[in-house]
Amino acid sequence: MSARDDILGRVRSALAAVEPDPAPVTAPPGTRVADLVAHFAERVADYRATVVHCAAGDVAGTVAAALPAGARVVVPPGLPDDLRSALADVIVDDGLSADALDAMDAVVTCCRVAIAETGTIVLDHAPDQGRRAVTLVPDRHVCVVRADQVVADVADALAVLDPGRPLTWISGPSATSDIELDRVEGVHGPRVLHVIVVGEAG
Amino acid sequence: MTHTFVGMPPFPTAARAALADTQLRHNLAHATATIRGKRARVVDEVENWEELRLAGAAVKDRALRGLDEHLVQLEESLTARGATVHWARDADEANQVVIEVAQRHGVDEVVKVKSMVTQEIGLNEALQAEGIAAWETDLAELIVQLGGDLPSHILVPAIHRNRAEIRDIFRRRMGEVGRAAPADLTDEPAVLAAAARAHLREKFLRARMAVSGANFAVADTGTLVVVESEGNGRMCLTLPEVLVSVVGIEKVVPSWAELDPLLRLLPRSSTGERMNPYTSTWSGVTPGDGPQEVHVVLLDNGRTRALADDVGRQALRCIRCSACLNVCPVYERVGGHAYGSVYPGPIGAILNPLLKGTGDPQTDSLPYASTLCGACFEACPVLIDIPEVLVHLRSKVVDGHREDRVPKPEAVAMKSAAWTFSRGGRLRLAERLTGVGVGVGRRLGASRWTSARDLPKAPPESFRAWWRRTDGRLDP
Ligand code: SF4
């Protein structure tokens with residue numbers, strides 16, 4: 001008998017007296033607050049990420065200000081023109097090697113959705129966010145979040161997201177608590193997360 | 001660096017040695033007190049935490065009650081998304097799959113995401129025997145691996161090490177297996193983390209194959225989920241060409257939307273955060289992004305045995321958050337190694353006998369490694385009634401010794417304890433009656449058990465009440 005059939009057979013005999021449960025489970029909702037965008041910003045900042053707000057017209061200047069002088073910047077191929085135009089010398093990712101990405105100082109992207117309750121940004125790696133490696137290897141991640149992308153809780157985010165795409169949920173810069181459970185920000189992922197929230201809550 | 005738990009002595013022997021190690025006890029007390037405080041803060045801010053726990057338990061129960069159908073669906077969705085699905089009855093079969101993939105690609109090293117299941121099956125040792133190096137990339141796992149040590153906690157495997165010990169391990173060993181630690185390495189956690197970043201980056205950048213586990217495997221979408229903090233998981237899941245994920249069959253979640261309570265319960269219970277820094281999800285192969293060859297090994301290795309146990313089945317709901325370890329008075333004092341398994345603490349005390357079956361002296365000692373205080377049950381985000389399962393397993397261990405001609409008096413006592421402890425209400429009642437019980441025992445004359453031991457005076461308060469009041473500290 002194949003391992004597959006053997007295991008499924010054992011599962012079935014273990015469950016012989018058990019009725020399956022056809023109805024999906026719905027969890028209670030998260031906290032509802034009036035001002036989602038402010039709540040999101042506060043929670044992101046709690047993780048020691050940098051959070052700044054700007055009006056839609058100021059986004060280019062705000063992104064440029066988030067990058068140290070002389071930084072080597074990589075951007076995904078689908079970064080919107082208004083962001084792209086703010087950056088003088090950028091390298092557009094066209095499948096850069098890991099080593100080439102390692103030589104970059106920063107990356108600028110958009111996101112798919114942001115979660116207020118947990119202060120989380122989710123990337124679905126569409127062209128305005130780029131491949132997963134692009135937002136991972138450089139040490140500084142500048143992420144532009146539109147106010148209308150902020151949802152209340154995890155359930156709302158799951159409803160928006162396409163599980164067929166690779167997703168990266170980011171809550172602050174990389175961190176570890178492995179040494180005496182003392183939290184240290186900055187391990188393998190970007191050590192700086194710079195979030196720019198554009199516009200007001202819709 | 002071949003270190004395994006095989007041949008560990010039974011819990012009481014191992015615990016005695018651990019208790020004599022004052023450094024270990026100090027490191028553990030400090031670390032578990034810190035994490036208890038963090039967890040309490042983020043759990044308290046969730047108004048409907050109890051409802052959320054119920055929902056989390058219900059999702060995992062639903063997954064288990066229809067496990068055969070969900071597994072078949074998971075296999076279909078994964079295959080449709082370009083992943084290759086393998087089934088493994090036991091550790092050897094699972095290790096063999098990983099070895100064959102590695103050999104087909106001619107790699108002599110793999111990078112690893114922290115995963116309990118690959119420790120359970122001894123994957124690193126199996127790879128090493130074939131000349132393939134397995135690099136652990138989680139900081140705590142790196143500390144354990146470089147130190148030639150064993151993990152002692154689910155979340156923080158090096159919880160038994162303090163910063164000075166970690167600095168020494170890095171100084172001594174990093175240079176032997178890659179980029180050496182800087183000469184001026186201090187014991188500041190930030191400095192140690194930076195040394196790990198530099199040491200591992202060259203391995204991430206050159207690795208061609210990675211091995212991971214998964215926290216969840218979503219049946220209807222074929223999505224695997226890895227929850228982490230450092231970004232080492234993202235590195236492993238993104239940069240190499242080939243990815244093999246070893247997934248216990250109990251990791252199935254029926255549908256995408258049902259991830260909701262689990263993603264909210266796990267980080268708060270585990271690291272005491274509202275959300276962990278990084279969660280990666282992927283469904284098979286994404287052209288042009290990440291590994292282009294993706295394998296998933298669905299592993300039994302005793303899970304179907306646990307599933308067949310009506311009382312013990314609930315242990316398969318475990319999401320490996322480690323909250324039960326951090327609140328356990330026994331774990332806090334003896335540490336993880338005494339349990340002789342990659343799964344230590346209260347969950348280990350039930351999971352090991354459920355997966356392996358009773359009959360071996362080491363495994364049989366584990367259900368007794370508890371005071372039945374119930375703190376683990378109160379902390380568990382998926383409501384696993386660990387005391388209930390402990391008592392159930394104790395009676396199984398006792399049943400296994402039926403052929404002993406004279407039953408041990410403890411065995412008889414445990415039978416009645418099994419009844420008492422199998423429902424929390426009875427336990428609380430018994431607690432209140434303890435004073436009465438001991439009094440009656442004295443009047444009836446000492447039993448055989450008590451004649452060899454002084455019958456203690458009934459304490460003024462129960463253990464559970466004392467623990468709740470003092471958090472385990474002797475100085476009030
Ligand atoms: S038994 Fe519960 S508390 Fe313990 S690790 Fe598993 S999920 Fe967490």
# chains A, B, ... in the order shown; residues from 1 in each chain; ligands from 1
>>> interface_residues(of="chain B", to="chain A", cutoff="6 Å", atoms="only C-alpha atoms", output="ChimeraX atom specification")
/B:31,55,59,62,65-66,68,87-89,140,156,190,197,205,229-232,260-261,274-275,277-283,289,304,307-308
>>> residues_near_ligand(ligand="ligand 1", cutoff="7 Å", atoms="only C-alpha atoms and all ligand atoms", output="ChimeraX atom specification")
/B:315,317-325,346-347,376,379-384
>>> write_last_selection(atoms="all heavy atoms", output="compact mmCIF listing (two decimals), in the first residue's frame")
# COMPACT_ATOMS: atom_id res chain seq x y z
N ALA B 315 -4.82 17.22 21.59
CA ALA B 315 -3.44 17.71 21.57
C ALA B 315 -3.00 18.08 20.16
O ALA B 315 -2.08 18.88 19.97
CB ALA B 315 -2.49 16.66 22.15
N ARG B 317 -4.57 19.87 18.23
CA ARG B 317 -4.93 21.25 17.95
C ARG B 317 -3.75 22.20 18.16
O ARG B 317 -3.78 23.34 17.73
CB ARG B 317 -6.05 21.71 18.90
CG ARG B 317 -7.38 21.01 18.73
CD ARG B 317 -8.53 21.88 19.23
NE ARG B 317 -8.52 22.12 20.65
CZ ARG B 317 -9.33 21.51 21.54
NH1 ARG B 317 -10.21 20.62 21.12
NH2 ARG B 317 -9.28 21.81 22.82
N CYS B 318 -2.73 21.72 18.86
CA CYS B 318 -1.61 22.58 19.29
C CYS B 318 -1.03 23.39 18.13
O CYS B 318 -0.72 22.85 17.08
CB CYS B 318 -0.51 21.72 19.91
SG CYS B 318 0.95 22.66 20.36
N ILE B 319 -0.86 24.69 18.35
CA ILE B 319 -0.25 25.55 17.34
C ILE B 319 1.18 25.95 17.76
O ILE B 319 1.76 26.87 17.19
CB ILE B 319 -1.11 26.81 17.05
CG1 ILE B 319 -1.41 27.60 18.33
CG2 ILE B 319 -2.42 26.41 16.36
CD1 ILE B 319 -2.15 28.92 18.09
N ARG B 320 1.75 25.22 18.72
CA ARG B 320 3.16 25.36 19.11
C ARG B 320 3.51 26.80 19.50
O ARG B 320 4.55 27.33 19.08
CB ARG B 320 4.09 24.93 17.96
CG ARG B 320 3.75 23.61 17.32
CD ARG B 320 4.31 22.44 18.09
NE ARG B 320 4.15 21.22 17.30
CZ ARG B 320 3.13 20.36 17.44
NH1 ARG B 320 2.19 20.57 18.36
NH2 ARG B 320 3.08 19.28 16.71
N CYS B 321 2.65 27.42 20.30
CA CYS B 321 2.92 28.79 20.70
C CYS B 321 3.88 28.86 21.87
O CYS B 321 4.52 29.86 22.10
CB CYS B 321 1.61 29.48 21.05
SG CYS B 321 0.91 28.93 22.62
N SER B 322 3.91 27.80 22.68
CA SER B 322 4.77 27.67 23.86
C SER B 322 4.26 28.41 25.09
O SER B 322 4.96 28.49 26.09
CB SER B 322 6.23 28.05 23.57
OG SER B 322 6.37 29.42 23.36
N ALA B 323 3.04 28.94 25.05
CA ALA B 323 2.50 29.61 26.24
C ALA B 323 2.43 28.65 27.43
O ALA B 323 2.67 29.04 28.57
CB ALA B 323 1.11 30.17 25.95
N CYS B 324 2.12 27.39 27.16
CA CYS B 324 2.00 26.43 28.27
C CYS B 324 3.34 26.17 28.95
O CYS B 324 3.40 25.93 30.15
CB CYS B 324 1.35 25.13 27.80
SG CYS B 324 2.21 24.26 26.48
N LEU B 325 4.43 26.28 28.19
CA LEU B 325 5.75 26.11 28.80
C LEU B 325 6.04 27.28 29.74
O LEU B 325 6.54 27.11 30.85
CB LEU B 325 6.85 26.08 27.72
CG LEU B 325 7.15 24.80 26.97
CD1 LEU B 325 5.95 24.33 26.17
CD2 LEU B 325 8.33 24.99 26.04
N PRO B 346 4.47 21.18 29.24
CA PRO B 346 3.17 20.50 29.35
C PRO B 346 2.71 19.85 28.05
O PRO B 346 2.25 18.70 28.06
CB PRO B 346 2.24 21.65 29.76
CG PRO B 346 3.12 22.61 30.49
CD PRO B 346 4.44 22.55 29.79
N ILE B 347 2.88 20.54 26.93
CA ILE B 347 2.43 19.93 25.68
C ILE B 347 3.28 18.70 25.36
O ILE B 347 2.76 17.68 24.89
CB ILE B 347 2.42 20.94 24.50
CG1 ILE B 347 1.90 20.29 23.21
CG2 ILE B 347 3.79 21.56 24.24
CD1 ILE B 347 0.49 19.77 23.27
N CYS B 376 -1.43 25.58 32.38
CA CYS B 376 -1.26 25.38 30.93
C CYS B 376 -2.59 25.48 30.20
O CYS B 376 -2.70 26.10 29.14
CB CYS B 376 -0.59 24.03 30.65
SG CYS B 376 -1.33 22.63 31.54
N ALA B 379 -3.70 28.99 29.81
CA ALA B 379 -2.93 29.79 28.85
C ALA B 379 -3.15 29.35 27.41
O ALA B 379 -2.95 30.14 26.49
CB ALA B 379 -1.43 29.69 29.18
N CYS B 380 -3.56 28.13 27.21
CA CYS B 380 -3.56 27.56 25.85
C CYS B 380 -4.56 28.28 24.94
O CYS B 380 -5.75 28.31 25.22
CB CYS B 380 -3.87 26.07 25.88
SG CYS B 380 -3.91 25.36 24.22
N PRO B 381 -4.07 28.83 23.83
CA PRO B 381 -4.96 29.58 22.94
C PRO B 381 -5.99 28.70 22.23
O PRO B 381 -6.98 29.22 21.73
CB PRO B 381 -4.00 30.22 21.93
CG PRO B 381 -2.79 29.35 21.95
CD PRO B 381 -2.67 28.86 23.36
N VAL B 382 -5.75 27.40 22.16
CA VAL B 382 -6.72 26.53 21.49
C VAL B 382 -7.34 25.55 22.50
O VAL B 382 -7.83 24.47 22.13
CB VAL B 382 -6.12 25.79 20.29
CG1 VAL B 382 -5.91 26.76 19.12
CG2 VAL B 382 -4.80 25.12 20.64
N LEU B 383 -7.33 25.96 23.78
CA LEU B 383 -8.10 25.28 24.83
C LEU B 383 -7.81 23.80 24.98
O LEU B 383 -8.72 23.01 25.24
CB LEU B 383 -9.61 25.47 24.57
CG LEU B 383 -10.15 26.89 24.69
CD1 LEU B 383 -11.57 26.96 24.13
CD2 LEU B 383 -10.15 27.35 26.14
N ILE B 384 -6.56 23.42 24.82
CA ILE B 384 -6.23 22.02 25.05
C ILE B 384 -6.22 21.77 26.56
O ILE B 384 -5.50 22.44 27.30
CB ILE B 384 -4.86 21.66 24.43
CG1 ILE B 384 -4.91 21.90 22.92
CG2 ILE B 384 -4.49 20.20 24.73
CD1 ILE B 384 -3.55 21.79 22.24
>>> select_by_dssp(residues="region 35-240 of chain B", states="strand (DSSP E)", output="PyMOL selection string")
chain B and resi 84-88+109-112+133-136+209-212+216-218+223-228
>>> residues_around(residues="region 127-129 of chain B", least_positions_apart="3", cutoff="9 Å", atoms="only C-alpha atoms", output="PyMOL selection string")
chain B and resi 2+95-96+98-99+102+109+122-124+132-134
>>> write_last_selection(atoms="all heavy atoms", output="PDB file, in the first residue's frame")
ATOM      1  N   THR B   2      26.203  16.018  16.054  1.00  0.00           N
ATOM      2  CA  THR B   2      25.040  15.141  16.088  1.00  0.00           C
ATOM      3  C   THR B   2      24.580  14.981  17.522  1.00  0.00           C
ATOM      4  O   THR B   2      25.178  14.257  18.295  1.00  0.00           O
ATOM      5  CB  THR B   2      25.392  13.764  15.498  1.00  0.00           C
ATOM      6  OG1 THR B   2      25.981  13.985  14.231  1.00  0.00           O
ATOM      7  CG2 THR B   2      24.165  12.911  15.329  1.00  0.00           C
ATOM      8  N   ASN B  95      12.548  11.927   5.842  1.00  0.00           N
ATOM      9  CA  ASN B  95      13.951  12.288   5.632  1.00  0.00           C
ATOM     10  C   ASN B  95      14.423  11.854   4.245  1.00  0.00           C
ATOM     11  O   ASN B  95      15.179  12.561   3.569  1.00  0.00           O
ATOM     12  CB  ASN B  95      14.832  11.648   6.701  1.00  0.00           C
ATOM     13  CG  ASN B  95      14.629  12.302   8.067  1.00  0.00           C
ATOM     14  OD1 ASN B  95      14.263  13.466   8.138  1.00  0.00           O
ATOM     15  ND2 ASN B  95      14.854  11.546   9.127  1.00  0.00           N
ATOM     16  N   GLN B  96      13.971  10.686   3.837  1.00  0.00           N
ATOM     17  CA  GLN B  96      14.375  10.151   2.545  1.00  0.00           C
ATOM     18  C   GLN B  96      13.936  11.068   1.397  1.00  0.00           C
ATOM     19  O   GLN B  96      14.683  11.279   0.448  1.00  0.00           O
ATOM     20  CB  GLN B  96      13.797   8.729   2.373  1.00  0.00           C
ATOM     21  CG  GLN B  96      14.600   7.837   1.453  1.00  0.00           C
ATOM     22  CD  GLN B  96      16.111   7.894   1.713  1.00  0.00           C
ATOM     23  OE1 GLN B  96      16.574   7.809   2.855  1.00  0.00           O
ATOM     24  NE2 GLN B  96      16.898   8.103   0.648  1.00  0.00           N
ATOM     25  N   VAL B  98      13.544  14.315   1.509  1.00  0.00           N
ATOM     26  CA  VAL B  98      14.397  15.505   1.497  1.00  0.00           C
ATOM     27  C   VAL B  98      15.773  15.156   0.928  1.00  0.00           C
ATOM     28  O   VAL B  98      16.329  15.893   0.095  1.00  0.00           O
ATOM     29  CB  VAL B  98      14.530  16.097   2.914  1.00  0.00           C
ATOM     30  CG1 VAL B  98      15.359  17.378   2.878  1.00  0.00           C
ATOM     31  CG2 VAL B  98      13.150  16.378   3.512  1.00  0.00           C
ATOM     32  N   ILE B  99      16.307  14.015   1.346  1.00  0.00           N
ATOM     33  CA  ILE B  99      17.629  13.595   0.873  1.00  0.00           C
ATOM     34  C   ILE B  99      17.611  13.401  -0.647  1.00  0.00           C
ATOM     35  O   ILE B  99      18.508  13.867  -1.359  1.00  0.00           O
ATOM     36  CB  ILE B  99      18.061  12.294   1.588  1.00  0.00           C
ATOM     37  CG1 ILE B  99      18.396  12.600   3.051  1.00  0.00           C
ATOM     38  CG2 ILE B  99      19.247  11.648   0.878  1.00  0.00           C
ATOM     39  CD1 ILE B  99      18.513  11.362   3.942  1.00  0.00           C
ATOM     40  N   ALA B 102      17.596  16.706  -2.440  1.00  0.00           N
ATOM     41  CA  ALA B 102      18.928  17.336  -2.336  1.00  0.00           C
ATOM     42  C   ALA B 102      19.914  16.655  -3.286  1.00  0.00           C
ATOM     43  O   ALA B 102      20.674  17.328  -3.993  1.00  0.00           O
ATOM     44  CB  ALA B 102      19.431  17.266  -0.900  1.00  0.00           C
ATOM     45  N   GLU B 109      24.535  21.413   0.831  1.00  0.00           N
ATOM     46  CA  GLU B 109      24.065  22.154   2.003  1.00  0.00           C
ATOM     47  C   GLU B 109      22.638  22.638   1.753  1.00  0.00           C
ATOM     48  O   GLU B 109      22.230  22.840   0.612  1.00  0.00           O
ATOM     49  CB  GLU B 109      24.976  23.357   2.290  1.00  0.00           C
ATOM     50  CG  GLU B 109      24.979  24.373   1.174  1.00  0.00           C
ATOM     51  CD  GLU B 109      25.728  25.671   1.518  1.00  0.00           C
ATOM     52  OE1 GLU B 109      26.339  25.749   2.599  1.00  0.00           O
ATOM     53  OE2 GLU B 109      25.676  26.598   0.700  1.00  0.00           O
ATOM     54  N   GLY B 122      14.507  14.274  13.102  1.00  0.00           N
ATOM     55  CA  GLY B 122      15.974  14.174  13.062  1.00  0.00           C
ATOM     56  C   GLY B 122      16.530  14.423  11.674  1.00  0.00           C
ATOM     57  O   GLY B 122      17.474  13.755  11.229  1.00  0.00           O
ATOM     58  N   LEU B 123      15.971  15.398  10.988  1.00  0.00           N
ATOM     59  CA  LEU B 123      16.371  15.636   9.594  1.00  0.00           C
ATOM     60  C   LEU B 123      17.839  16.044   9.474  1.00  0.00           C
ATOM     61  O   LEU B 123      18.551  15.557   8.585  1.00  0.00           O
ATOM     62  CB  LEU B 123      15.467  16.710   8.965  1.00  0.00           C
ATOM     63  CG  LEU B 123      15.842  17.103   7.540  1.00  0.00           C
ATOM     64  CD1 LEU B 123      15.645  15.943   6.575  1.00  0.00           C
ATOM     65  CD2 LEU B 123      15.027  18.305   7.074  1.00  0.00           C
ATOM     66  N   ASN B 124      18.305  16.931  10.363  1.00  0.00           N
ATOM     67  CA  ASN B 124      19.690  17.393  10.233  1.00  0.00           C
ATOM     68  C   ASN B 124      20.673  16.243  10.293  1.00  0.00           C
ATOM     69  O   ASN B 124      21.629  16.180   9.522  1.00  0.00           O
ATOM     70  CB  ASN B 124      20.020  18.404  11.336  1.00  0.00           C
ATOM     71  CG  ASN B 124      19.250  19.702  11.173  1.00  0.00           C
ATOM     72  OD1 ASN B 124      18.375  19.801  10.305  1.00  0.00           O
ATOM     73  ND2 ASN B 124      19.554  20.678  12.009  1.00  0.00           N
ATOM     74  N   ILE B 132      25.331  16.052   3.636  1.00  0.00           N
ATOM     75  CA  ILE B 132      24.666  17.324   3.324  1.00  0.00           C
ATOM     76  C   ILE B 132      24.554  18.134   4.616  1.00  0.00           C
ATOM     77  O   ILE B 132      23.991  17.670   5.607  1.00  0.00           O
ATOM     78  CB  ILE B 132      23.258  17.072   2.734  1.00  0.00           C
ATOM     79  CG1 ILE B 132      23.364  16.209   1.469  1.00  0.00           C
ATOM     80  CG2 ILE B 132      22.550  18.397   2.443  1.00  0.00           C
ATOM     81  CD1 ILE B 132      22.075  15.523   1.081  1.00  0.00           C
ATOM     82  N   ALA B 133      25.104  19.346   4.612  1.00  0.00           N
ATOM     83  CA  ALA B 133      25.050  20.187   5.809  1.00  0.00           C
ATOM     84  C   ALA B 133      23.701  20.893   5.872  1.00  0.00           C
ATOM     85  O   ALA B 133      23.206  21.389   4.863  1.00  0.00           O
ATOM     86  CB  ALA B 133      26.176  21.218   5.766  1.00  0.00           C
ATOM     87  N   ALA B 134      23.096  20.918   7.045  1.00  0.00           N
ATOM     88  CA  ALA B 134      21.825  21.634   7.244  1.00  0.00           C
ATOM     89  C   ALA B 134      22.110  22.818   8.155  1.00  0.00           C
ATOM     90  O   ALA B 134      22.455  22.634   9.320  1.00  0.00           O
ATOM     91  CB  ALA B 134      20.796  20.698   7.873  1.00  0.00           C
TER      92      ALA B 134
END
>>> select_by_dssp(residues="region 65-185 of chain A", states="alpha helix (DSSP H)", output="list in words")
Ala65, Asp81, Asp82, Leu83, Arg84, Ala98, Asp99, Ala100, Leu101, Asp102, Val154, Ala155, Asp156, Ala157, Leu158, Ala159 and Val160 of chain A
>>> write_last_selection(atoms="N, CA and C atoms", output="short mmCIF file (atom, residue, chain, number, x, y, z; two decimals), in the first residue's frame")
data_model
loop_
_atom_site.label_atom_id
_atom_site.label_comp_id
_atom_site.auth_asym_id
_atom_site.auth_seq_id
_atom_site.Cartn_x
_atom_site.Cartn_y
_atom_site.Cartn_z
N ALA A 65 12.49 62.09 0.84
CA ALA A 65 13.04 62.45 2.15
C ALA A 65 13.30 61.23 3.03
N ASP A 81 4.13 56.08 -11.49
CA ASP A 81 4.99 57.14 -12.02
C ASP A 81 5.23 58.27 -11.03
N ASP A 82 4.19 58.63 -10.25
CA ASP A 82 4.38 59.77 -9.35
C ASP A 82 5.44 59.46 -8.29
N LEU A 83 5.58 58.18 -7.91
CA LEU A 83 6.62 57.81 -6.95
C LEU A 83 7.97 57.72 -7.65
N ARG A 84 7.93 57.11 -8.78
CA ARG A 84 9.15 56.89 -9.56
C ARG A 84 9.83 58.22 -9.88
N ALA A 98 20.52 37.79 -6.12
CA ALA A 98 20.52 38.06 -4.68
C ALA A 98 21.71 38.92 -4.31
N ASP A 99 22.85 38.67 -4.93
CA ASP A 99 24.04 39.47 -4.63
C ASP A 99 23.86 40.92 -5.05
N ALA A 100 23.23 41.11 -6.21
CA ALA A 100 22.99 42.49 -6.68
C ALA A 100 22.04 43.20 -5.73
N LEU A 101 21.03 42.49 -5.24
CA LEU A 101 20.10 43.10 -4.29
C LEU A 101 20.82 43.43 -2.98
N ASP A 102 21.76 42.59 -2.63
CA ASP A 102 22.50 42.79 -1.38
C ASP A 102 23.33 44.08 -1.43
N VAL A 154 -7.73 41.34 10.88
CA VAL A 154 -7.16 40.25 10.07
C VAL A 154 -8.22 39.65 9.14
N ALA A 155 -9.44 39.49 9.63
CA ALA A 155 -10.49 38.89 8.80
C ALA A 155 -10.74 39.74 7.57
N ASP A 156 -10.78 41.07 7.74
CA ASP A 156 -10.99 41.96 6.59
C ASP A 156 -9.85 41.84 5.59
N ALA A 157 -8.63 41.69 6.10
CA ALA A 157 -7.48 41.55 5.20
C ALA A 157 -7.56 40.24 4.43
N LEU A 158 -7.88 39.16 5.13
CA LEU A 158 -7.97 37.85 4.45
C LEU A 158 -8.99 37.90 3.32
N ALA A 159 -10.08 38.66 3.55
CA ALA A 159 -11.14 38.74 2.54
C ALA A 159 -10.66 39.47 1.28
N VAL A 160 -9.73 40.40 1.43
CA VAL A 160 -9.23 41.18 0.30
C VAL A 160 -8.14 40.43 -0.46
#
>>> atom_distance(atom1="CA of Val51 (chain A)", atom2="CA of Cys143 (chain A)")
9.7 Å
>>> closest_residue(among="B:Gly248, B:Pro240, B:Gly400, B:Gly312", to="Leu67 (chain B)", atoms="only C-alpha atoms")
B:Gly248
>>> residues_around(residues="Leu79 (chain A)", least_positions_apart="4", cutoff="8 Å", atoms="only C-alpha atoms", output="JSON, numbers by chain")
{"A": [75, 83, 84, 109, 110, 127, 128, 129]}
>>> closest_residue(among="A:Arg146, A:Ala49, A:Phe40, A:Gly70", to="Ala88 (chain A)", atoms="only C-alpha atoms")
A:Gly70
>>> atom_distance(atom1="CA of His86 (chain B)", atom2="CA of Asp108 (chain B)")
21.9 Å
>>> atom_distance(atom1="CA of Ile121 (chain B)", atom2="CA of Asp90 (chain B)")
7.9 Å
>>> residues_around(residues="region 16-23 of chain B", least_positions_apart="5", cutoff="7 Å", atoms="only C-alpha atoms", output="PDB file with N, CA, C and O atoms, in the first residue's frame")
ATOM      1  N   ARG B 333      11.300  25.318  36.388  1.00  0.00           N
ATOM      2  CA  ARG B 333      12.360  24.871  37.287  1.00  0.00           C
ATOM      3  C   ARG B 333      13.317  23.853  36.668  1.00  0.00           C
ATOM      4  O   ARG B 333      14.506  23.876  36.961  1.00  0.00           O
ATOM      5  N   VAL B 334      12.815  22.986  35.818  1.00  0.00           N
ATOM      6  CA  VAL B 334      13.712  21.947  35.292  1.00  0.00           C
ATOM      7  C   VAL B 334      14.178  22.235  33.870  1.00  0.00           C
ATOM      8  O   VAL B 334      15.137  21.629  33.398  1.00  0.00           O
ATOM      9  N   ALA B 338      14.980  18.087  30.294  1.00  0.00           N
ATOM     10  CA  ALA B 338      14.589  16.954  31.133  1.00  0.00           C
ATOM     11  C   ALA B 338      13.454  16.138  30.512  1.00  0.00           C
ATOM     12  O   ALA B 338      13.255  14.976  30.864  1.00  0.00           O
TER      13      ALA B 338
END
